[in-house]
file input_35.cif (mmCIF, C-alpha atoms and all ligand atoms)
data_protein
#
loop_
_atom_site.group_PDB
_atom_site.id
_atom_site.type_symbol
_atom_site.label_atom_id
_atom_site.label_comp_id
_atom_site.auth_asym_id
_atom_site.auth_seq_id
_atom_site.Cartn_x
_atom_site.Cartn_y
_atom_site.Cartn_z
ATOM 1 C CA MET A 1 31.661 1.349 5.595
ATOM 2 C CA GLY A 2 33.167 0.602 2.211
ATOM 3 C CA ALA A 3 31.710 -2.880 2.280
ATOM 4 C CA TYR A 4 29.758 -2.374 -0.910
ATOM 5 C CA TYR A 5 30.099 -4.830 -3.710
ATOM 6 C CA ASP A 6 29.874 -1.934 -6.138
ATOM 7 C CA GLU A 7 28.611 1.585 -6.654
ATOM 8 C CA ILE A 8 25.963 1.847 -9.315
ATOM 9 C CA GLU A 9 24.432 4.937 -10.841
ATOM 10 C CA ILE A 10 20.632 4.926 -10.659
ATOM 11 C CA GLU A 11 20.645 5.443 -14.429
ATOM 12 C CA ASP A 12 22.337 2.071 -14.814
ATOM 13 C CA MET A 13 19.660 0.305 -12.808
ATOM 14 C CA VAL A 14 16.433 -1.050 -14.279
ATOM 15 C CA TRP A 15 13.061 0.219 -13.072
ATOM 16 C CA ASP A 16 10.510 -2.492 -12.323
ATOM 17 C CA ALA A 17 7.159 -0.725 -12.441
ATOM 18 C CA GLU A 18 5.349 -3.783 -11.169
ATOM 19 C CA LYS A 19 7.412 -4.226 -8.020
ATOM 20 C CA ARG A 20 8.229 -0.509 -7.855
ATOM 21 C CA VAL A 21 11.913 -1.162 -7.318
ATOM 22 C CA TYR A 22 15.103 -0.387 -9.148
ATOM 23 C CA HIS A 23 17.176 -3.488 -9.690
ATOM 24 C CA TYR A 24 20.610 -4.444 -10.852
ATOM 25 C CA PRO A 25 21.970 -7.926 -11.550
ATOM 26 C CA CYS A 26 23.824 -9.527 -8.661
ATOM 27 C CA PRO A 27 26.730 -11.908 -9.366
ATOM 28 C CA CYS A 28 24.851 -14.623 -7.451
ATOM 29 C CA GLY A 29 22.212 -14.715 -10.171
ATOM 30 C CA ASP A 30 19.591 -12.784 -8.245
ATOM 31 C CA ARG A 31 19.417 -9.012 -8.289
ATOM 32 C CA PHE A 32 19.964 -6.059 -6.031
ATOM 33 C CA GLU A 33 16.792 -4.136 -5.317
ATOM 34 C CA ILE A 34 15.967 -0.745 -3.895
ATOM 35 C CA SER A 35 12.501 0.802 -3.779
ATOM 36 C CA ARG A 36 11.553 4.361 -4.641
ATOM 37 C CA LYS A 37 10.470 4.783 -1.042
ATOM 38 C CA GLN A 38 13.946 3.872 0.160
ATOM 39 C CA LEU A 39 15.472 6.312 -2.297
ATOM 40 C CA ARG A 40 13.109 9.019 -1.133
ATOM 41 C CA ASP A 41 14.120 8.273 2.448
ATOM 42 C CA TYR A 42 17.746 8.935 1.470
ATOM 43 C CA GLU A 43 18.660 5.272 1.636
ATOM 44 C CA ASP A 44 21.211 4.352 -0.986
ATOM 45 C CA ILE A 45 21.899 0.690 -0.249
ATOM 46 C CA ALA A 46 20.364 -1.823 -2.611
ATOM 47 C CA THR A 47 20.346 -5.320 -1.205
ATOM 48 C CA CYS A 48 20.240 -8.720 -2.840
ATOM 49 C CA PRO A 49 17.600 -10.970 -1.239
ATOM 50 C CA SER A 50 19.617 -14.110 -2.028
ATOM 51 C CA CYS A 51 23.081 -13.242 -0.752
ATOM 52 C CA SER A 52 24.748 -10.790 1.597
ATOM 53 C CA LEU A 53 26.090 -8.473 -1.081
ATOM 54 C CA VAL A 54 24.960 -4.864 -1.235
ATOM 55 C CA ILE A 55 25.582 -2.067 -3.679
ATOM 56 C CA ARG A 56 25.566 1.642 -3.119
ATOM 57 C CA VAL A 57 23.184 3.456 -5.430
ATOM 58 C CA VAL A 58 24.424 6.780 -6.716
ATOM 59 C CA TYR A 59 21.447 9.086 -7.221
ATOM 60 C CA ASP A 60 20.045 12.503 -6.447
ATOM 61 C CA PRO A 61 17.560 12.291 -3.552
ATOM 62 C CA LEU A 62 15.931 15.484 -4.818
ATOM 63 C CA ASP A 63 14.621 13.461 -7.765
ATOM 64 C CA PHE A 64 12.568 11.383 -5.355
ATOM 65 C CA GLU A 65 11.603 13.672 -2.512
ATOM 66 C CA ASP A 66 8.284 14.672 -4.110
ATOM 67 C CA ASP A 67 7.255 11.066 -4.485
ATOM 68 C CA PRO A 68 3.737 10.396 -3.209
ATOM 69 C CA ASP A 69 3.667 8.675 0.137
ATOM 70 C CA GLU A 70 3.243 4.959 -0.009
ATOM 71 C CA ASP A 71 2.034 3.126 3.031
ATOM 72 C CA GLU A 72 3.445 -0.199 2.067
ATOM 73 C CA ASP A 73 7.149 -0.852 2.147
ATOM 74 C CA GLU A 74 7.059 -3.840 -0.099
ATOM 75 C CA GLY A 75 4.286 -4.996 -2.313
ATOM 76 C CA GLY A 76 3.886 -4.260 -5.941
ATOM 77 C CA GLY A 77 1.648 -2.081 -8.017
ATOM 78 C CA GLU A 78 -1.117 -4.557 -7.555
ATOM 79 C CA GLN A 79 -1.563 -3.512 -3.967
ATOM 80 C CA GLU A 80 -1.551 0.128 -4.957
ATOM 81 C CA GLU A 81 -4.331 -0.449 -7.429
ATOM 82 C CA GLU A 82 -6.334 -2.073 -4.682
ATOM 83 C CA ASP A 83 -5.833 0.996 -2.536
ATOM 84 C CA GLU A 84 -7.150 3.209 -5.308
ATOM 85 C CA ASP A 85 -10.168 0.990 -5.703
ATOM 86 C CA GLU A 86 -10.754 1.186 -1.985
ATOM 87 C CA GLY A 87 -10.884 4.961 -2.218
ATOM 88 C CA GLU A 88 -13.585 4.803 -4.853
ATOM 89 C CA ASP A 89 -15.471 2.236 -2.831
ATOM 90 C CA GLU A 90 -15.369 4.474 0.220
ATOM 91 C CA GLU A 91 -17.202 7.214 -1.644
ATOM 92 C CA ARG A 92 -19.770 4.759 -2.873
ATOM 93 C CA ASP A 93 -20.029 3.175 0.571
ATOM 94 C CA GLU A 94 -20.838 6.525 2.142
ATOM 95 C CA GLU A 95 -23.992 6.818 0.103
ATOM 96 C CA LYS A 96 -24.787 3.198 0.792
ATOM 97 C CA ASP A 97 -24.190 3.773 4.496
ATOM 98 C CA ARG A 98 -26.779 6.508 4.524
ATOM 99 C CA GLU A 99 -29.252 4.196 2.834
ATOM 100 C CA ASP A 100 -28.325 1.438 5.244
ATOM 101 C CA GLU A 101 -28.871 3.804 8.143
ATOM 102 C CA LYS A 102 -32.321 4.620 6.838
ATOM 103 C CA ALA A 103 -33.082 0.956 6.365
ATOM 104 C CA ILE A 104 -31.872 0.155 9.873
ATOM 105 C CA LYS A 105 -33.941 2.973 11.310
ATOM 106 C CA GLU A 106 -37.014 1.739 9.481
ATOM 107 C CA ALA A 107 -36.318 -1.798 10.605
ATOM 108 C CA LEU A 108 -35.904 -0.594 14.182
ATOM 109 C CA GLU A 109 -39.158 1.317 13.989
ATOM 110 C CA LYS A 110 -40.926 -1.750 12.677
ATOM 111 C CA LEU A 111 -39.248 -3.825 15.353
ATOM 112 C CA SER A 112 -40.236 -1.502 18.144
ATOM 113 C CA VAL A 113 -43.765 -1.388 16.818
ATOM 114 C CA LYS A 114 -43.782 -5.160 16.773
ATOM 115 C CA GLU A 115 -42.339 -5.289 20.276
ATOM 116 C CA VAL A 116 -44.811 -2.770 21.486
ATOM 117 C CA SER A 117 -47.733 -4.719 20.071
ATOM 118 C CA ARG A 118 -46.258 -7.886 21.518
ATOM 119 C CA ALA A 119 -45.903 -6.182 24.863
ATOM 120 C CA VAL A 120 -49.471 -5.058 24.547
ATOM 121 C CA ALA A 121 -50.503 -8.576 23.653
ATOM 122 C CA ILE A 122 -48.678 -9.965 26.687
ATOM 123 C CA ALA A 123 -50.180 -7.355 28.922
ATOM 124 C CA ALA A 124 -53.636 -8.133 27.608
HETATM 125 ZN ZN ZN A 201 23.091 -11.852 -4.676
#

call {"tool": "encode", "arguments": {"input": "input_35.cif", "output": "structure tokens", "more": "lines below"}}
Ligand SMILES: [Zn+2]
result
Amino acid sequence: MGAYYDEIEIEDMVWDAEKRVYHYPCPCGDRFEISRKQLRDYEDIATCPSCSLVIRVVYDPLDFEDDPDEDEDEGGGEQEEEDEDEGEDEERDEEKDREDEKAIKEALEKLSVKEVSRAVAIAA
């Protein structure tokens, strides 16, 4: 190894709460980025999306190991909010599902009654 452009302390990087990444300016004009998930997974290489440079992030993995699990690798806080909303919806949907089930059952009963009477009508 030793191919890093630089070694940067995590304290010197900037936290982007929206994208949930730490970033540091890259000489190419873009910026190196590393996500909390990567840090938690003991990855310490922040990459620049615009060039081939990488930096090594100096940090304590213990600071990140209790981080809540995040399904998405990329994606910003927006997606996380959606996930939270989904959770609430699921609870609401459960009650709705029960009502739907009742409605379907009633509809089926009506339907079978209708079919039965139609069958009767055909038979007659
Ligand atoms: Zn760059």

call {"tool": "residues_near_ligand", "arguments": {"input": "input_35.cif", "ligand": "ligand ZN 201 (chain A)", "cutoff": "6 Å", "atoms": "all atoms listed in the file", "output": "compact mmCIF listing (two decimals) with C-alpha atoms, in the coordinates of the input"}}
result
# COMPACT_ATOMS: atom_id res chain seq x y z
CA CYS A 26 23.82 -9.53 -8.66
CA PRO A 27 26.73 -11.91 -9.37
CA CYS A 28 24.85 -14.62 -7.45
CA ASP A 30 19.59 -12.78 -8.24
CA ARG A 31 19.42 -9.01 -8.29
CA CYS A 48 20.24 -8.72 -2.84
CA SER A 50 19.62 -14.11 -2.03
CA CYS A 51 23.08 -13.24 -0.75
CA LEU A 53 26.09 -8.47 -1.08

call {"tool": "atom_distance", "arguments": {"input": "input_35.cif", "atom1": "CA of Glu43 (chain A)", "atom2": "CA of Val21 (chain A)"}}
result
12.9 Å

call {"tool": "atom_distance", "arguments": {"input": "input_35.cif", "atom1": "CA of Ile10 (chain A)", "atom2": "CA of Ala46 (chain A)"}}
result
10.5 Å

call {"tool": "atom_distance", "arguments": {"input": "input_35.cif", "atom1": "CA of Arg36 (chain A)", "atom2": "CA of Pro68 (chain A)"}}
result
10.0 Å

call {"tool": "closest_residue", "arguments": {"input": "input_35.cif", "among": "A:Ala123, A:Ala107, A:Ala3, A:Ile34", "to": "Trp15 (chain A)", "atoms": "all atoms listed in the file"}}
result
A:Ile34

call {"tool": "closest_residue", "arguments": {"input": "input_35.cif", "among": "A:Phe32, A:Tyr42, A:Phe64, A:Tyr24", "to": "Glu11 (chain A)", "atoms": "all atoms listed in the file"}}
result
A:Tyr24

call {"tool": "axis_aligned_box", "arguments": {"input": "input_35.cif", "around": "region 50-53 of chain A", "padding_each_side": "6 Å", "output": "AutoDock Vina command-line options"}}
result
--center_x 22.9 --center_y -11.3 --center_z -0.2 --size_x 18.5 --size_y 17.6 --size_z 15.6

call {"tool": "resolve_selection", "arguments": {"input": "input_35.cif", "expression": "the PyMOL selection byres (((chain A and resi 6) around 7) and not hetatm)", "output": "number ranges by chain"}}
result
A: 4-5, 7-8, 55-56

call {"tool": "residues_around", "arguments": {"input": "input_35.cif", "residues": "Asp16 (chain A)", "least_positions_apart": "2", "cutoff": "10 Å", "atoms": "all atoms listed in the file", "output": "list in words"}}
result
Met13, Val14, Glu18, Lys19, Arg20, Val21, Tyr22, His23, Glu33, Ser35, Gly76 and Gly77 of chain A

call {"tool": "resolve_selection", "arguments": {"input": "input_35.cif", "expression": "the PyMOL selection byres (((chain A and resi 60) around 10) and not hetatm)", "output": "list in words"}}
result
Glu9, Ile10, Leu39, Arg40, Tyr42, Asp44, Val57, Val58, Tyr59, Pro61, Leu62, Asp63, Phe64 and Glu65 of chain A

call {"tool": "decode", "arguments": {"input": "input_35.cif", "residues": "region 35-76 of chain A", "atoms": "N, CA and C atoms", "output": "PDB file, in the first residue's frame"}}
result
ATOM      1  N   SER A  35     -18.365   6.912   4.021  1.00  0.00           N
ATOM      2  CA  SER A  35     -19.628   6.876   4.765  1.00  0.00           C
ATOM      3  C   SER A  35     -19.407   6.312   6.162  1.00  0.00           C
ATOM      4  N   ARG A  36     -20.349   6.595   7.038  1.00  0.00           N
ATOM      5  CA  ARG A  36     -20.281   6.034   8.394  1.00  0.00           C
ATOM      6  C   ARG A  36     -20.277   4.513   8.335  1.00  0.00           C
ATOM      7  N   LYS A  37     -21.041   3.975   7.377  1.00  0.00           N
ATOM      8  CA  LYS A  37     -21.112   2.519   7.270  1.00  0.00           C
ATOM      9  C   LYS A  37     -19.735   1.949   6.956  1.00  0.00           C
ATOM     10  N   GLN A  38     -19.023   2.615   6.039  1.00  0.00           N
ATOM     11  CA  GLN A  38     -17.676   2.153   5.715  1.00  0.00           C
ATOM     12  C   GLN A  38     -16.786   2.219   6.943  1.00  0.00           C
ATOM     13  N   LEU A  39     -16.886   3.303   7.684  1.00  0.00           N
ATOM     14  CA  LEU A  39     -16.067   3.453   8.884  1.00  0.00           C
ATOM     15  C   LEU A  39     -16.395   2.349   9.883  1.00  0.00           C
ATOM     16  N   ARG A  40     -17.680   2.060  10.022  1.00  0.00           N
ATOM     17  CA  ARG A  40     -18.090   1.025  10.952  1.00  0.00           C
ATOM     18  C   ARG A  40     -17.564  -0.336  10.513  1.00  0.00           C
ATOM     19  N   ASP A  41     -17.468  -0.514   9.196  1.00  0.00           N
ATOM     20  CA  ASP A  41     -16.952  -1.778   8.659  1.00  0.00           C
ATOM     21  C   ASP A  41     -15.431  -1.793   8.594  1.00  0.00           C
ATOM     22  N   TYR A  42     -14.806  -0.905   9.341  1.00  0.00           N
ATOM     23  CA  TYR A  42     -13.342  -0.847   9.458  1.00  0.00           C
ATOM     24  C   TYR A  42     -12.669  -0.471   8.143  1.00  0.00           C
ATOM     25  N   GLU A  43     -13.417   0.152   7.247  1.00  0.00           N
ATOM     26  CA  GLU A  43     -12.773   0.663   6.041  1.00  0.00           C
ATOM     27  C   GLU A  43     -12.240   2.053   6.357  1.00  0.00           C
ATOM     28  N   ASP A  44     -11.055   2.346   5.869  1.00  0.00           N
ATOM     29  CA  ASP A  44     -10.475   3.650   6.203  1.00  0.00           C
ATOM     30  C   ASP A  44      -9.998   4.394   4.958  1.00  0.00           C
ATOM     31  N   ILE A  45     -10.500   3.965   3.792  1.00  0.00           N
ATOM     32  CA  ILE A  45     -10.098   4.626   2.551  1.00  0.00           C
ATOM     33  C   ILE A  45     -11.248   5.488   2.038  1.00  0.00           C
ATOM     34  N   ALA A  46     -11.014   6.774   2.015  1.00  0.00           N
ATOM     35  CA  ALA A  46     -11.998   7.685   1.418  1.00  0.00           C
ATOM     36  C   ALA A  46     -11.601   7.929  -0.030  1.00  0.00           C
ATOM     37  N   THR A  47     -12.569   7.795  -0.909  1.00  0.00           N
ATOM     38  CA  THR A  47     -12.269   7.924  -2.333  1.00  0.00           C
ATOM     39  C   THR A  47     -12.866   9.205  -2.887  1.00  0.00           C
ATOM     40  N   CYS A  48     -12.248   9.698  -3.934  1.00  0.00           N
ATOM     41  CA  CYS A  48     -12.791  10.843  -4.667  1.00  0.00           C
ATOM     42  C   CYS A  48     -13.510  10.289  -5.892  1.00  0.00           C
ATOM     43  N   PRO A  49     -14.787  10.669  -6.086  1.00  0.00           N
ATOM     44  CA  PRO A  49     -15.538  10.128  -7.224  1.00  0.00           C
ATOM     45  C   PRO A  49     -15.037  10.663  -8.567  1.00  0.00           C
ATOM     46  N   SER A  50     -14.261  11.721  -8.563  1.00  0.00           N
ATOM     47  CA  SER A  50     -13.878  12.373  -9.822  1.00  0.00           C
ATOM     48  C   SER A  50     -12.464  12.035 -10.278  1.00  0.00           C
ATOM     49  N   CYS A  51     -11.630  11.517  -9.402  1.00  0.00           N
ATOM     50  CA  CYS A  51     -10.280  11.175  -9.811  1.00  0.00           C
ATOM     51  C   CYS A  51      -9.875   9.901  -9.076  1.00  0.00           C
ATOM     52  N   SER A  52      -8.661   9.461  -9.283  1.00  0.00           N
ATOM     53  CA  SER A  52      -8.255   8.166  -8.735  1.00  0.00           C
ATOM     54  C   SER A  52      -7.577   8.302  -7.376  1.00  0.00           C
ATOM     55  N   LEU A  53      -7.529   9.509  -6.848  1.00  0.00           N
ATOM     56  CA  LEU A  53      -6.854   9.701  -5.569  1.00  0.00           C
ATOM     57  C   LEU A  53      -7.676   9.117  -4.415  1.00  0.00           C
ATOM     58  N   VAL A  54      -6.976   8.645  -3.412  1.00  0.00           N
ATOM     59  CA  VAL A  54      -7.642   8.182  -2.192  1.00  0.00           C
ATOM     60  C   VAL A  54      -6.874   8.737  -1.003  1.00  0.00           C
ATOM     61  N   ILE A  55      -7.580   8.872   0.104  1.00  0.00           N
ATOM     62  CA  ILE A  55      -6.897   9.233   1.347  1.00  0.00           C
ATOM     63  C   ILE A  55      -7.189   8.168   2.383  1.00  0.00           C
ATOM     64  N   ARG A  56      -6.297   8.045   3.333  1.00  0.00           N
ATOM     65  CA  ARG A  56      -6.527   7.134   4.433  1.00  0.00           C
ATOM     66  C   ARG A  56      -7.084   7.958   5.590  1.00  0.00           C
ATOM     67  N   VAL A  57      -8.204   7.489   6.121  1.00  0.00           N
ATOM     68  CA  VAL A  57      -8.853   8.210   7.215  1.00  0.00           C
ATOM     69  C   VAL A  57      -8.372   7.621   8.536  1.00  0.00           C
ATOM     70  N   VAL A  58      -7.838   8.475   9.377  1.00  0.00           N
ATOM     71  CA  VAL A  58      -7.378   8.052  10.685  1.00  0.00           C
ATOM     72  C   VAL A  58      -8.517   8.244  11.675  1.00  0.00           C
ATOM     73  N   TYR A  59      -9.010   7.138  12.247  1.00  0.00           N
ATOM     74  CA  TYR A  59     -10.145   7.238  13.157  1.00  0.00           C
ATOM     75  C   TYR A  59     -10.158   6.023  14.060  1.00  0.00           C
ATOM     76  N   ASP A  60     -11.027   6.055  15.041  1.00  0.00           N
ATOM     77  CA  ASP A  60     -11.168   4.944  15.974  1.00  0.00           C
ATOM     78  C   ASP A  60     -12.439   4.175  15.621  1.00  0.00           C
ATOM     79  N   PRO A  61     -12.300   2.958  15.090  1.00  0.00           N
ATOM     80  CA  PRO A  61     -13.493   2.204  14.673  1.00  0.00           C
ATOM     81  C   PRO A  61     -14.484   1.998  15.818  1.00  0.00           C
ATOM     82  N   LEU A  62     -13.981   2.024  17.042  1.00  0.00           N
ATOM     83  CA  LEU A  62     -14.880   1.818  18.191  1.00  0.00           C
ATOM     84  C   LEU A  62     -15.922   2.935  18.259  1.00  0.00           C
ATOM     85  N   ASP A  63     -15.587   4.099  17.728  1.00  0.00           N
ATOM     86  CA  ASP A  63     -16.543   5.212  17.740  1.00  0.00           C
ATOM     87  C   ASP A  63     -17.735   4.931  16.847  1.00  0.00           C
ATOM     88  N   PHE A  64     -17.598   3.964  15.945  1.00  0.00           N
ATOM     89  CA  PHE A  64     -18.644   3.751  14.948  1.00  0.00           C
ATOM     90  C   PHE A  64     -19.287   2.375  15.038  1.00  0.00           C
ATOM     91  N   GLU A  65     -18.759   1.512  15.889  1.00  0.00           N
ATOM     92  CA  GLU A  65     -19.222   0.124  15.823  1.00  0.00           C
ATOM     93  C   GLU A  65     -20.653  -0.036  16.340  1.00  0.00           C
ATOM     94  N   ASP A  66     -21.145   0.919  17.123  1.00  0.00           N
ATOM     95  CA  ASP A  66     -22.517   0.822  17.620  1.00  0.00           C
ATOM     96  C   ASP A  66     -23.507   1.503  16.698  1.00  0.00           C
ATOM     97  N   ASP A  67     -23.027   1.924  15.551  1.00  0.00           N
ATOM     98  CA  ASP A  67     -23.904   2.612  14.609  1.00  0.00           C
ATOM     99  C   ASP A  67     -25.055   1.705  14.202  1.00  0.00           C
ATOM    100  N   PRO A  68     -26.271   2.258  14.120  1.00  0.00           N
ATOM    101  CA  PRO A  68     -27.392   1.428  13.666  1.00  0.00           C
ATOM    102  C   PRO A  68     -27.159   0.927  12.253  1.00  0.00           C
ATOM    103  N   ASP A  69     -27.641  -0.252  11.988  1.00  0.00           N
ATOM    104  CA  ASP A  69     -27.434  -0.844  10.666  1.00  0.00           C
ATOM    105  C   ASP A  69     -28.203  -0.055   9.619  1.00  0.00           C
ATOM    106  N   GLU A  70     -27.560   0.163   8.511  1.00  0.00           N
ATOM    107  CA  GLU A  70     -28.219   0.845   7.419  1.00  0.00           C
ATOM    108  C   GLU A  70     -28.181  -0.057   6.208  1.00  0.00           C
ATOM    109  N   ASP A  71     -29.339  -0.287   5.655  1.00  0.00           N
ATOM    110  CA  ASP A  71     -29.420  -1.210   4.522  1.00  0.00           C
ATOM    111  C   ASP A  71     -28.731  -0.629   3.290  1.00  0.00           C
ATOM    112  N   GLU A  72     -28.925   0.627   3.102  1.00  0.00           N
ATOM    113  CA  GLU A  72     -28.391   1.216   1.870  1.00  0.00           C
ATOM    114  C   GLU A  72     -26.942   1.604   2.042  1.00  0.00           C
ATOM    115  N   ASP A  73     -26.167   1.361   1.020  1.00  0.00           N
ATOM    116  CA  ASP A  73     -24.767   1.768   1.022  1.00  0.00           C
ATOM    117  C   ASP A  73     -24.655   3.259   0.746  1.00  0.00           C
ATOM    118  N   GLU A  74     -25.253   3.650  -0.360  1.00  0.00           N
ATOM    119  CA  GLU A  74     -25.270   5.061  -0.676  1.00  0.00           C
ATOM    120  C   GLU A  74     -26.674   5.580  -0.366  1.00  0.00           C
ATOM    121  N   GLY A  75     -26.948   6.738  -0.851  1.00  0.00           N
ATOM    122  CA  GLY A  75     -28.261   7.289  -0.579  1.00  0.00           C
ATOM    123  C   GLY A  75     -28.213   8.145   0.666  1.00  0.00           C
ATOM    124  N   GLY A  76     -28.908   9.242   0.604  1.00  0.00           N
ATOM    125  CA  GLY A  76     -28.796  10.195   1.688  1.00  0.00           C
ATOM    126  C   GLY A  76     -29.837  10.002   2.756  1.00  0.00           C
TER     127      GLY A  76
END
